[in-house]
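The structure file upload_37.cif is reproduced below (mmCIF, C-alpha atoms).
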```cif
data_target
loop_
_atom_site.group_PDB
_atom_site.id
_atom_site.type_symbol
_atom_site.label_atom_id
_atom_site.label_comp_id
_atom_site.auth_asym_id
_atom_site.auth_seq_id
_atom_site.Cartn_x
_atom_site.Cartn_y
_atom_site.Cartn_z
ATOM 1 C CA MET O 1 33.525 -30.415 59.000
ATOM 2 C CA VAL O 2 31.594 -27.418 57.987
ATOM 3 C CA SER O 3 30.079 -27.715 54.529
ATOM 4 C CA ASN O 4 30.545 -25.077 51.889
ATOM 5 C CA ALA O 5 26.879 -24.242 52.183
ATOM 6 C CA GLU O 6 27.194 -23.759 55.904
ATOM 7 C CA MET O 7 30.210 -21.547 55.390
ATOM 8 C CA PHE O 8 28.258 -19.186 53.181
ATOM 9 C CA THR O 9 25.139 -19.196 55.333
ATOM 10 C CA SER O 10 26.555 -19.096 58.821
ATOM 11 C CA ASP O 11 25.899 -16.056 60.960
ATOM 12 C CA ASP O 12 29.625 -15.525 61.348
ATOM 13 C CA SER O 13 30.200 -15.174 57.584
ATOM 14 C CA PRO O 14 28.916 -12.054 55.865
ATOM 15 C CA ASN O 15 26.970 -12.828 52.681
ATOM 16 C CA ASP O 16 26.940 -9.317 51.293
ATOM 17 C CA ALA O 17 29.459 -10.273 48.619
ATOM 18 C CA ALA O 18 27.442 -13.300 47.619
ATOM 19 C CA ASN O 19 24.261 -11.247 47.429
ATOM 20 C CA SER O 20 25.989 -8.675 45.314
ATOM 21 C CA TRP O 21 26.594 -11.365 42.681
ATOM 22 C CA ASP O 22 23.002 -12.568 42.741
ATOM 23 C CA MET O 23 21.725 -11.637 39.241
ATOM 24 C CA SER O 24 18.186 -12.940 39.637
ATOM 25 C CA ASP O 25 16.760 -9.496 40.311
ATOM 26 C CA ALA O 26 18.728 -8.003 37.461
ATOM 27 C CA GLU O 27 17.541 -10.740 35.109
ATOM 28 C CA ASN O 28 13.959 -10.198 36.169
ATOM 29 C CA SER O 29 14.399 -6.476 35.710
ATOM 30 C CA PHE O 30 15.903 -7.010 32.264
ATOM 31 C CA GLU O 31 13.079 -9.300 31.209
ATOM 32 C CA TYR O 32 10.512 -6.869 32.516
ATOM 33 C CA GLY O 33 12.148 -3.987 30.678
ATOM 34 C CA ASP O 34 12.002 -5.891 27.396
ATOM 35 C CA GLU O 35 8.419 -7.000 27.906
ATOM 36 C CA LYS O 36 6.001 -5.198 25.598
ATOM 37 C CA SER O 37 2.791 -3.853 27.018
ATOM 38 C CA GLU O 38 -0.553 -5.147 25.795
ATOM 39 C CA GLU O 39 -1.178 -1.803 24.125
ATOM 40 C CA GLU O 40 2.090 -2.024 22.172
ATOM 41 C CA LYS O 41 1.359 -5.605 21.121
ATOM 42 C CA GLN O 42 -2.101 -4.598 19.931
ATOM 43 C CA TYR O 43 -0.689 -1.598 18.062
ATOM 44 C CA GLU O 44 1.848 -3.766 16.229
ATOM 45 C CA ALA O 45 -0.726 -6.441 15.465
ATOM 46 C CA ARG O 46 -3.154 -3.923 14.007
ATOM 47 C CA GLU O 47 -0.413 -2.235 11.976
ATOM 48 C CA ARG O 48 0.708 -5.591 10.560
ATOM 49 C CA SER O 49 -2.888 -6.457 9.701
ATOM 50 C CA LEU O 50 -3.461 -3.194 7.816
ATOM 51 C CA LYS O 51 -0.200 -3.534 5.903
ATOM 52 C CA SER O 52 -0.884 -7.171 5.037
ATOM 53 C CA GLU O 53 -4.316 -6.258 3.720
ATOM 54 C CA LEU O 54 -2.824 -3.683 1.353
ATOM 55 C CA GLU O 55 -0.110 -6.088 0.216
ATOM 56 C CA SER O 56 -2.775 -8.710 -0.465
ATOM 57 C CA ILE O 57 -4.761 -6.253 -2.600
ATOM 58 C CA VAL O 58 -1.662 -5.412 -4.664
ATOM 59 C CA ASP O 59 -0.980 -9.135 -5.116
ATOM 60 C CA GLY O 60 -4.596 -9.670 -6.137
ATOM 61 C CA ARG O 61 -4.430 -6.887 -8.702
ATOM 62 C CA ALA O 62 -1.340 -8.433 -10.280
ATOM 63 C CA ARG O 63 -2.974 -11.872 -10.221
ATOM 64 C CA ASN O 64 -6.088 -10.537 -11.967
ATOM 65 C CA LEU O 65 -3.935 -9.070 -14.742
ATOM 66 C CA PHE O 66 -2.023 -12.338 -15.095
ATOM 67 C CA GLU O 67 -5.169 -14.471 -15.304
ATOM 68 C CA ALA O 68 -6.716 -12.151 -17.902
ATOM 69 C CA ALA O 69 -3.504 -12.161 -19.926
ATOM 70 C CA GLU O 70 -3.329 -15.966 -19.803
ATOM 71 C CA GLU O 71 -6.901 -16.334 -21.005
ATOM 72 C CA CYS O 72 -6.522 -13.769 -23.800
ATOM 73 C CA GLY O 73 -3.277 -15.429 -24.881
ATOM 74 C CA ARG O 74 -4.998 -18.802 -25.183
ATOM 75 C CA ILE O 75 -7.757 -17.217 -27.270
ATOM 76 C CA PHE O 76 -5.301 -15.527 -29.642
ATOM 77 C CA HIS O 77 -3.272 -18.710 -30.116
ATOM 78 C CA ALA O 78 -6.340 -20.931 -30.546
ATOM 79 C CA ALA O 79 -7.533 -18.602 -33.314
ATOM 80 C CA GLU O 80 -4.014 -18.588 -34.824
ATOM 81 C CA HIS O 81 -3.974 -14.812 -34.685
ATOM 82 C CA PRO O 82 -0.911 -13.475 -36.576
ATOM 83 C CA PHE O 83 0.015 -11.223 -33.636
ATOM 84 C CA ALA O 84 -0.482 -13.861 -30.941
ATOM 85 C CA ASN O 85 3.189 -13.935 -29.968
ATOM 86 C CA ARG O 86 3.393 -10.158 -29.884
ATOM 87 C CA PHE O 87 0.365 -10.039 -27.598
ATOM 88 C CA ASP O 88 2.094 -12.605 -25.374
ATOM 89 C CA GLN O 89 5.129 -10.364 -25.074
ATOM 90 C CA ALA O 90 3.017 -7.309 -24.287
ATOM 91 C CA PHE O 91 0.954 -9.179 -21.698
ATOM 92 C CA ASP O 92 4.060 -10.732 -20.100
ATOM 93 C CA SER O 93 5.693 -7.338 -19.796
ATOM 94 C CA MET O 94 2.640 -5.902 -18.065
ATOM 95 C CA THR O 95 2.019 -8.743 -15.648
ATOM 96 C CA GLY O 96 5.720 -9.124 -14.887
ATOM 97 C CA SER O 97 6.076 -5.532 -13.759
ATOM 98 C CA ALA O 98 2.680 -4.949 -12.115
ATOM 99 C CA LYS O 99 3.355 -6.753 -8.839
ATOM 100 C CA GLY O 100 6.908 -5.508 -8.352
ATOM 101 C CA SER O 101 6.141 -1.859 -9.050
ATOM 102 C CA GLY O 102 2.975 -1.988 -6.946
ATOM 103 C CA GLN O 103 4.789 -3.468 -3.950
ATOM 104 C CA GLU O 104 7.600 -0.937 -4.272
ATOM 105 C CA THR O 105 5.114 1.937 -4.178
ATOM 106 C CA LEU O 106 3.455 0.400 -1.136
ATOM 107 C CA GLU O 107 6.766 -0.013 0.702
ATOM 108 C CA MET O 108 7.636 3.616 0.039
ATOM 109 C CA LEU O 109 4.209 4.655 1.325
ATOM 110 C CA PHE O 110 4.740 2.683 4.536
ATOM 111 C CA GLU O 111 8.148 4.288 5.078
ATOM 112 C CA TYR O 112 6.786 7.769 4.455
ATOM 113 C CA ILE O 113 3.749 7.396 6.738
ATOM 114 C CA ASP O 114 5.836 5.791 9.480
ATOM 115 C CA SER O 115 8.236 8.743 9.292
ATOM 116 C CA LYS O 116 5.322 11.149 9.455
ATOM 117 C CA PHE O 117 3.366 9.351 12.190
ATOM 118 C CA PRO O 118 5.803 7.064 14.063
ATOM 119 C CA SER O 119 4.742 4.502 16.598
ATOM 120 C CA PRO O 120 4.309 6.009 20.075
ATOM 121 C CA TYR O 121 6.184 2.961 21.426
ATOM 122 C CA LYS O 122 9.450 3.598 19.606
ATOM 123 C CA ASN O 123 12.452 4.529 21.678
ATOM 124 C CA SER O 124 12.462 8.288 22.019
ATOM 125 C CA SER O 125 15.974 8.381 20.554
ATOM 126 C CA GLU O 126 14.595 6.936 17.333
ATOM 127 C CA ILE O 127 11.987 9.679 16.932
ATOM 128 C CA VAL O 128 13.444 12.894 15.605
ATOM 129 C CA PRO O 129 11.098 15.882 15.667
ATOM 130 C CA ASP O 130 10.082 17.394 12.348
ATOM 131 C CA VAL O 131 11.760 20.641 13.344
ATOM 132 C CA ASP O 132 15.085 18.841 13.663
ATOM 133 C CA GLU O 133 17.161 19.280 10.485
ATOM 134 C CA TYR O 134 18.102 15.609 10.260
ATOM 135 C CA GLY O 135 14.535 14.467 10.935
ATOM 136 C CA ARG O 136 13.157 16.873 8.361
ATOM 137 C CA LYS O 137 15.661 15.614 5.781
ATOM 138 C CA LYS O 138 14.719 11.963 6.412
ATOM 139 C CA LEU O 139 11.033 12.789 6.112
ATOM 140 C CA ASP O 140 11.628 14.711 2.875
ATOM 141 C CA GLU O 141 13.574 11.757 1.472
ATOM 142 C CA ALA O 142 10.766 9.356 2.364
ATOM 143 C CA GLU O 143 8.248 11.684 0.709
ATOM 144 C CA ASP O 144 10.363 11.974 -2.458
ATOM 145 C CA ASN O 145 10.872 8.203 -2.609
ATOM 146 C CA PHE O 146 7.125 7.647 -2.386
ATOM 147 C CA ILE O 147 6.398 10.110 -5.192
ATOM 148 C CA ARG O 148 9.125 8.630 -7.409
ATOM 149 C CA ALA O 149 7.925 5.076 -6.825
ATOM 150 C CA SER O 150 4.345 6.085 -7.650
ATOM 151 C CA MET O 151 5.431 7.853 -10.837
ATOM 152 C CA ARG O 152 7.567 4.875 -11.841
ATOM 153 C CA GLU O 153 4.655 2.484 -11.294
ATOM 154 C CA GLY O 154 2.356 4.712 -13.345
ATOM 155 C CA ASN O 155 4.869 5.020 -16.192
ATOM 156 C CA ILE O 156 5.495 1.267 -16.318
ATOM 157 C CA LEU O 157 1.801 0.353 -16.358
ATOM 158 C CA GLY O 158 1.007 3.177 -18.777
ATOM 159 C CA GLU O 159 3.721 2.166 -21.240
ATOM 160 C CA ASN O 160 2.686 -1.489 -21.124
ATOM 161 C CA THR O 161 -0.963 -0.578 -21.704
ATOM 162 C CA ASP O 162 0.082 1.624 -24.610
ATOM 163 C CA GLU O 163 2.010 -1.269 -26.198
ATOM 164 C CA ILE O 164 -1.151 -3.369 -26.216
ATOM 165 C CA ALA O 165 -3.042 -0.438 -27.743
ATOM 166 C CA LYS O 166 -0.496 -0.263 -30.582
ATOM 167 C CA LEU O 167 -1.176 -3.899 -31.501
ATOM 168 C CA PHE O 168 -4.880 -3.153 -31.934
ATOM 169 C CA ARG O 169 -4.039 -0.200 -34.162
ATOM 170 C CA ILE O 170 -2.187 -2.379 -36.650
ATOM 171 C CA ASP O 171 -5.364 -3.999 -37.995
ATOM 172 C CA GLY O 172 -7.049 -0.677 -38.694
ATOM 173 C CA SER O 173 -10.615 -1.934 -38.391
ATOM 174 C CA GLN O 174 -13.119 0.378 -36.754
ATOM 175 C CA ASN O 175 -13.592 -1.861 -33.723
ATOM 176 C CA ASP O 176 -9.865 -2.352 -33.190
ATOM 177 C CA LEU O 177 -9.205 1.366 -33.474
ATOM 178 C CA HIS O 178 -11.934 2.007 -30.878
ATOM 179 C CA ILE O 179 -10.295 -0.503 -28.532
ATOM 180 C CA ALA O 180 -6.897 1.089 -29.134
ATOM 181 C CA ASP O 181 -8.276 4.550 -28.321
ATOM 182 C CA SER O 182 -9.842 3.252 -25.109
ATOM 183 C CA LEU O 183 -6.561 1.644 -24.069
ATOM 184 C CA ARG O 184 -4.599 4.783 -24.895
ATOM 185 C CA HIS O 185 -6.975 6.876 -22.799
ATOM 186 C CA LEU O 186 -6.576 4.390 -19.947
ATOM 187 C CA SER O 187 -2.796 4.499 -20.349
ATOM 188 C CA ASP O 188 -2.714 8.282 -19.977
ATOM 189 C CA SER O 189 -5.037 8.096 -16.980
ATOM 190 C CA ILE O 190 -2.865 5.551 -15.185
ATOM 191 C CA VAL O 191 0.237 7.730 -15.498
ATOM 192 C CA GLU O 192 -1.611 10.823 -14.308
ATOM 193 C CA TYR O 193 -3.433 9.017 -11.517
ATOM 194 C CA ARG O 194 -0.378 7.453 -9.858
ATOM 195 C CA THR O 195 1.351 10.822 -9.588
ATOM 196 C CA ASN O 196 -1.730 12.794 -8.543
ATOM 197 C CA PHE O 197 -2.783 10.157 -6.012
ATOM 198 C CA ALA O 198 0.629 10.195 -4.299
ATOM 199 C CA ARG O 199 0.589 13.991 -4.107
ATOM 200 C CA ALA O 200 -3.000 13.958 -2.814
ATOM 201 C CA ILE O 201 -2.018 11.545 -0.030
ATOM 202 C CA ILE O 202 0.895 13.782 0.927
ATOM 203 C CA GLY O 203 -1.375 16.818 0.942
ATOM 204 C CA TYR O 204 -3.866 15.007 3.151
ATOM 205 C CA VAL O 205 -1.402 13.714 5.731
ATOM 206 C CA ASN O 206 0.289 17.117 5.952
ATOM 207 C CA GLU O 207 -3.043 18.838 6.559
ATOM 208 C CA PRO O 208 -5.958 16.383 6.878
ATOM 209 C CA THR O 209 -8.789 18.826 6.287
ATOM 210 C CA LYS O 210 -12.076 18.237 4.523
ATOM 211 C CA GLU O 211 -10.644 20.023 1.500
ATOM 212 C CA THR O 212 -7.581 17.798 1.180
ATOM 213 C CA ARG O 213 -9.709 14.725 1.881
ATOM 214 C CA SER O 214 -12.058 15.810 -0.912
ATOM 215 C CA ARG O 215 -9.133 16.213 -3.301
ATOM 216 C CA LEU O 216 -7.872 12.742 -2.449
ATOM 217 C CA THR O 217 -11.328 11.190 -2.901
ATOM 218 C CA ARG O 218 -11.867 13.050 -6.173
ATOM 219 C CA THR O 219 -8.530 11.837 -7.542
ATOM 220 C CA GLN O 220 -9.494 8.259 -6.741
ATOM 221 C CA SER O 221 -13.030 8.624 -8.085
ATOM 222 C CA ASN O 222 -11.820 10.063 -11.395
ATOM 223 C CA HIS O 223 -9.433 7.170 -11.869
ATOM 224 C CA GLU O 224 -12.059 4.565 -11.073
ATOM 225 C CA GLY O 225 -14.368 6.205 -13.602
ATOM 226 C CA VAL O 226 -11.787 6.059 -16.394
ATOM 227 C CA LEU O 227 -10.757 2.519 -15.466
ATOM 228 C CA SER O 228 -14.310 1.239 -15.418
ATOM 229 C CA ASN O 229 -15.492 3.091 -18.523
ATOM 230 C CA SER O 230 -12.458 2.153 -20.616
ATOM 231 C CA LEU O 231 -12.539 -1.559 -19.839
ATOM 232 C CA PHE O 232 -16.313 -1.944 -20.061
ATOM 233 C CA ASN O 233 -16.322 -0.034 -23.378
ATOM 234 C CA ILE O 234 -13.709 -2.449 -24.671
ATOM 235 C CA ALA O 235 -15.819 -5.372 -23.484
ATOM 236 C CA ALA O 236 -18.871 -3.904 -25.245
ATOM 237 C CA THR O 237 -16.853 -3.584 -28.457
ATOM 238 C CA PHE O 238 -15.823 -7.226 -28.230
ATOM 239 C CA ASP O 239 -19.459 -8.180 -27.611
ATOM 240 C CA GLU O 240 -20.525 -6.382 -30.794
ATOM 241 C CA SER O 241 -17.761 -7.967 -32.833
ATOM 242 C CA LYS O 242 -18.715 -10.187 -35.755
ATOM 243 C CA THR O 243 -15.497 -12.181 -35.451
ATOM 244 C CA HIS O 244 -15.148 -15.355 -33.424
ATOM 245 C CA ILE O 245 -12.077 -14.085 -31.547
ATOM 246 C CA GLY O 246 -13.769 -10.805 -30.643
ATOM 247 C CA ARG O 247 -16.709 -12.516 -28.974
ATOM 248 C CA LYS O 248 -14.335 -14.846 -27.127
ATOM 249 C CA LEU O 249 -12.515 -11.870 -25.622
ATOM 250 C CA PHE O 250 -15.709 -10.441 -24.104
ATOM 251 C CA ASP O 251 -15.828 -12.612 -20.948
ATOM 252 C CA PRO O 252 -12.199 -12.183 -19.795
ATOM 253 C CA THR O 253 -12.459 -8.432 -20.365
ATOM 254 C CA ILE O 254 -15.627 -8.167 -18.276
ATOM 255 C CA ILE O 255 -14.015 -10.202 -15.498
ATOM 256 C CA LEU O 256 -10.892 -8.026 -15.602
ATOM 257 C CA ALA O 257 -12.916 -4.797 -15.574
ATOM 258 C CA THR O 258 -14.956 -5.969 -12.594
ATOM 259 C CA ASN O 259 -11.952 -7.199 -10.606
ATOM 260 C CA LEU O 260 -9.756 -4.171 -11.240
ATOM 261 C CA THR O 261 -12.532 -1.703 -10.420
ATOM 262 C CA ARG O 262 -13.385 -3.528 -7.209
ATOM 263 C CA GLY O 263 -9.702 -3.858 -6.362
ATOM 264 C CA SER O 264 -9.146 -0.135 -6.842
ATOM 265 C CA GLU O 265 -11.996 0.643 -4.442
ATOM 266 C CA GLU O 266 -10.650 -1.805 -1.867
ATOM 267 C CA TYR O 267 -7.154 -0.357 -2.210
ATOM 268 C CA PHE O 268 -8.387 3.165 -1.531
ATOM 269 C CA ASP O 269 -10.490 2.104 1.465
ATOM 270 C CA SER O 270 -7.554 0.182 2.945
ATOM 271 C CA ILE O 271 -5.190 3.108 2.373
ATOM 272 C CA MET O 272 -7.579 5.363 4.297
ATOM 273 C CA ASP O 273 -7.898 2.820 7.133
ATOM 274 C CA TYR O 274 -4.106 2.676 7.391
ATOM 275 C CA LEU O 275 -3.715 6.467 7.339
ATOM 276 C CA ARG O 276 -6.390 6.967 10.000
ATOM 277 C CA PHE O 277 -4.781 4.365 12.242
ATOM 278 C CA LYS O 278 -1.327 5.946 11.988
ATOM 279 C CA MET O 279 -2.692 9.473 12.532
ATOM 280 C CA GLU O 280 -4.764 8.502 15.549
ATOM 281 C CA ASN O 281 -2.104 6.394 17.203
ATOM 282 C CA THR O 282 1.101 8.405 17.105
ATOM 283 C CA ASP O 283 2.671 10.505 19.835
ATOM 284 C CA ASP O 284 1.482 14.002 20.653
ATOM 285 C CA GLU O 285 4.376 15.599 18.815
ATOM 286 C CA HIS O 286 3.386 14.101 15.466
ATOM 287 C CA ARG O 287 -0.396 13.988 15.793
ATOM 288 C CA PRO O 288 -2.305 16.295 13.387
ATOM 289 C CA ARG O 289 -3.572 19.634 14.653
ATOM 290 C CA ASP O 290 -7.075 20.077 16.083
ATOM 291 C CA ASP O 291 -8.582 21.724 12.986
ATOM 292 C CA VAL O 292 -8.548 18.583 10.879
ATOM 293 C CA ASP O 293 -11.034 16.429 9.039
ATOM 294 C CA SER O 294 -13.557 14.955 11.459
ATOM 295 C CA ASP O 295 -12.557 11.474 10.274
ATOM 296 C CA VAL O 296 -9.319 11.884 12.200
ATOM 297 C CA ASP O 297 -9.618 11.736 15.981
ATOM 298 C CA ASN O 298 -6.896 13.916 17.476
ATOM 299 C CA SER O 299 -7.312 12.597 20.978
ATOM 300 C CA ASN O 300 -4.891 9.853 21.911
ATOM 301 C CA ALA O 301 -7.619 7.373 21.096
ATOM 302 C CA PHE O 302 -5.483 4.284 20.895
ATOM 303 C CA LEU O 303 -3.649 4.842 24.138
ATOM 304 C CA ALA O 304 -6.844 5.741 25.995
ATOM 305 C CA GLN O 305 -8.837 2.899 24.462
ATOM 306 C CA PRO O 306 -6.472 0.111 23.348
ATOM 307 C CA ASP O 307 -9.282 -1.861 21.756
ATOM 308 C CA ILE O 308 -9.806 0.794 19.092
ATOM 309 C CA ILE O 309 -7.297 -0.996 16.908
ATOM 310 C CA MET O 310 -9.142 -4.272 17.195
ATOM 311 C CA ARG O 311 -12.319 -3.054 15.511
#
```
If you took the structure in this file and wrote it as structure tokens, what would it be?
Amino acid sequence: MVSNAEMFTSDDSPNDAANSWDMSDAENSFEYGDEKSEEEKQYEARERSLKSELESIVDGRARNLFEAAEECGRIFHAAEHPFANRFDQAFDSMTGSAKGSGQETLEMLFEYIDSKFPSPYKNSSEIVPDVDEYGRKKLDEAEDNFIRASMREGNILGENTDEIAKLFRIDGSQNDLHIADSLRHLSDSIVEYRTNFARAIIGYVNEPTKETRSRLTRTQSNHEGVLSNSLFNIAATFDESKTHIGRKLFDPTIILATNLTRGSEEYFDSIMDYLRFKMENTDDEHRPRDDVDSDVDNSNAFLAQPDIIMR
């Protein structure tokens, strides 16, 4: 008898039908089509790294506030301060909202920048030109969401800082009033900074010139100056205090001032690294014009030199 195999392989039996059902080539083609290029993998890895770094800085900022609040709370309770519980509530409110509001602002920034400078590896159907009405609307929404999140973060942190300032005003001593004034000044600066910084970023990514870069840097520098001066002035006031509790509060305030100032600098530097990466490594349609800040390379640097993202 002739085996089934022989039937399908004999010269007398056409195997066109059998070949037509052979899906091996199609499977290989499908797998190949889904396979990401090395450049795309490197792009995604670098983007994830930059985002993770920013998220880590926001987490660190919240952790620094929490650790300072915990230490100050212990000092107030150990000294049996009459407002110890009220300080606990004020500190808890600040630390509880700092991480959430900071991460929300960051997520809105990522969405906005990705809308402005999308990955060159996205399916073309996903990328809607800015001139398209729908694409323009989505970009405007992302921009508005980023501004609102930044304002909300500033208002939350500002209000919480102001609540702590009010507790120092209750005593009425000269030192406490000085601390309250420093905190109130910091509170106002935080609210103003979050809004101005978001608008400065938007101005820079829309037209990354030396002028808009200078505005962005100046906004950050002014905030760092107020942050540093306010907290170190408070620490100096505690150091000059003749009370036991005042001197105890000096060390945690110095640590907080140092960590928050350093964290603010790191946040700004990481934001700029992320913006540069997205500007340099988008498609031609979304890349900034030629007359931009020299920090932004308008050539398709990533695609021409894939290792640029690994630096």
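Take CA of Pro288 in chain O and CA of Val205 in chain O: the distance between them is 8.1 Å.
Coordinates place CA of His77 in chain O at a distance of 21.0 Å from CA of Arg63 in chain O.
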Give me the result of the PyMOL selection byres ((chain O and resi 257) around 8) on this file, residue by residue, as a list of chain:residue names.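 Selected by the PyMOL selection byres ((chain O and resi 257) around 8) here: O:Leu227, O:Ser228, O:Leu231, O:Phe232, O:Thr253, O:Ile254, O:Ile255, O:Leu256, O:Thr258, O:Asn259, O:Leu260, O:Thr261.
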Prev. selection, C-alpha atoms, output as a PDB file, in the frame of the given file:
```pdb
ATOM      1  CA  LEU O 227     -10.757   2.519 -15.466  1.00  0.00           C
ATOM      2  CA  SER O 228     -14.310   1.239 -15.418  1.00  0.00           C
ATOM      3  CA  LEU O 231     -12.539  -1.559 -19.839  1.00  0.00           C
ATOM      4  CA  PHE O 232     -16.313  -1.944 -20.061  1.00  0.00           C
ATOM      5  CA  THR O 253     -12.459  -8.432 -20.365  1.00  0.00           C
ATOM      6  CA  ILE O 254     -15.627  -8.167 -18.276  1.00  0.00           C
ATOM      7  CA  ILE O 255     -14.015 -10.202 -15.498  1.00  0.00           C
ATOM      8  CA  LEU O 256     -10.892  -8.026 -15.602  1.00  0.00           C
ATOM      9  CA  THR O 258     -14.956  -5.969 -12.594  1.00  0.00           C
ATOM     10  CA  ASN O 259     -11.952  -7.199 -10.606  1.00  0.00           C
ATOM     11  CA  LEU O 260      -9.756  -4.171 -11.240  1.00  0.00           C
ATOM     12  CA  THR O 261     -12.532  -1.703 -10.420  1.00  0.00           C
TER      13      THR O 261
END
```
In Å, with one decimal, what is the gap from CA of Asp273 in chain O to CA of Leu50 in chain O? 7.5 Å
For the point (6.7, 9.8, -0.1) in file coordinates, what residues are within 12 Å, counting only C-alpha atoms? Give the answer as a ChimeraX atom specification? /O:104-116,138-151,195,197-203,205-206
Keeping C-alpha atoms, export the residues of the selection given above as a PDB file, in the frame of the given file.
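Generated file (selection_13.pdb):
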```pdb
ATOM      1  CA  GLU O 104       7.600  -0.937  -4.272  1.00  0.00           C
ATOM      2  CA  THR O 105       5.114   1.937  -4.178  1.00  0.00           C
ATOM      3  CA  LEU O 106       3.455   0.400  -1.136  1.00  0.00           C
ATOM      4  CA  GLU O 107       6.766  -0.013   0.702  1.00  0.00           C
ATOM      5  CA  MET O 108       7.636   3.616   0.039  1.00  0.00           C
ATOM      6  CA  LEU O 109       4.209   4.655   1.325  1.00  0.00           C
ATOM      7  CA  PHE O 110       4.740   2.683   4.536  1.00  0.00           C
ATOM      8  CA  GLU O 111       8.148   4.288   5.078  1.00  0.00           C
ATOM      9  CA  TYR O 112       6.786   7.769   4.455  1.00  0.00           C
ATOM     10  CA  ILE O 113       3.749   7.396   6.738  1.00  0.00           C
ATOM     11  CA  ASP O 114       5.836   5.791   9.480  1.00  0.00           C
ATOM     12  CA  SER O 115       8.236   8.743   9.292  1.00  0.00           C
ATOM     13  CA  LYS O 116       5.322  11.149   9.455  1.00  0.00           C
ATOM     14  CA  LYS O 138      14.719  11.963   6.412  1.00  0.00           C
ATOM     15  CA  LEU O 139      11.033  12.789   6.112  1.00  0.00           C
ATOM     16  CA  ASP O 140      11.628  14.711   2.875  1.00  0.00           C
ATOM     17  CA  GLU O 141      13.574  11.757   1.472  1.00  0.00           C
ATOM     18  CA  ALA O 142      10.766   9.356   2.364  1.00  0.00           C
ATOM     19  CA  GLU O 143       8.248  11.684   0.709  1.00  0.00           C
ATOM     20  CA  ASP O 144      10.363  11.974  -2.458  1.00  0.00           C
ATOM     21  CA  ASN O 145      10.872   8.203  -2.609  1.00  0.00           C
ATOM     22  CA  PHE O 146       7.125   7.647  -2.386  1.00  0.00           C
ATOM     23  CA  ILE O 147       6.398  10.110  -5.192  1.00  0.00           C
ATOM     24  CA  ARG O 148       9.125   8.630  -7.409  1.00  0.00           C
ATOM     25  CA  ALA O 149       7.925   5.076  -6.825  1.00  0.00           C
ATOM     26  CA  SER O 150       4.345   6.085  -7.650  1.00  0.00           C
ATOM     27  CA  MET O 151       5.431   7.853 -10.837  1.00  0.00           C
ATOM     28  CA  THR O 195       1.351  10.822  -9.588  1.00  0.00           C
ATOM     29  CA  PHE O 197      -2.783  10.157  -6.012  1.00  0.00           C
ATOM     30  CA  ALA O 198       0.629  10.195  -4.299  1.00  0.00           C
ATOM     31  CA  ARG O 199       0.589  13.991  -4.107  1.00  0.00           C
ATOM     32  CA  ALA O 200      -3.000  13.958  -2.814  1.00  0.00           C
ATOM     33  CA  ILE O 201      -2.018  11.545  -0.030  1.00  0.00           C
ATOM     34  CA  ILE O 202       0.895  13.782   0.927  1.00  0.00           C
ATOM     35  CA  GLY O 203      -1.375  16.818   0.942  1.00  0.00           C
ATOM     36  CA  VAL O 205      -1.402  13.714   5.731  1.00  0.00           C
ATOM     37  CA  ASN O 206       0.289  17.117   5.952  1.00  0.00           C
TER      38      ASN O 206
END
```
Nearest to Phe91 in chain O by atom-to-atom distance, counting all atoms listed in the file, from O:Lys36, O:Lys137, O:Arg184, O:Arg74: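 Of O:Lys36, O:Lys137, O:Arg184, O:Arg74, the one nearest Phe91 in chain O, counting all atoms listed in the file, is O:Arg74.
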I'd like to know which of O:His185, O:Arg276, O:Lys242, O:His223 is closest to Glu159 in chain O, using only C-alpha atoms. O:His185
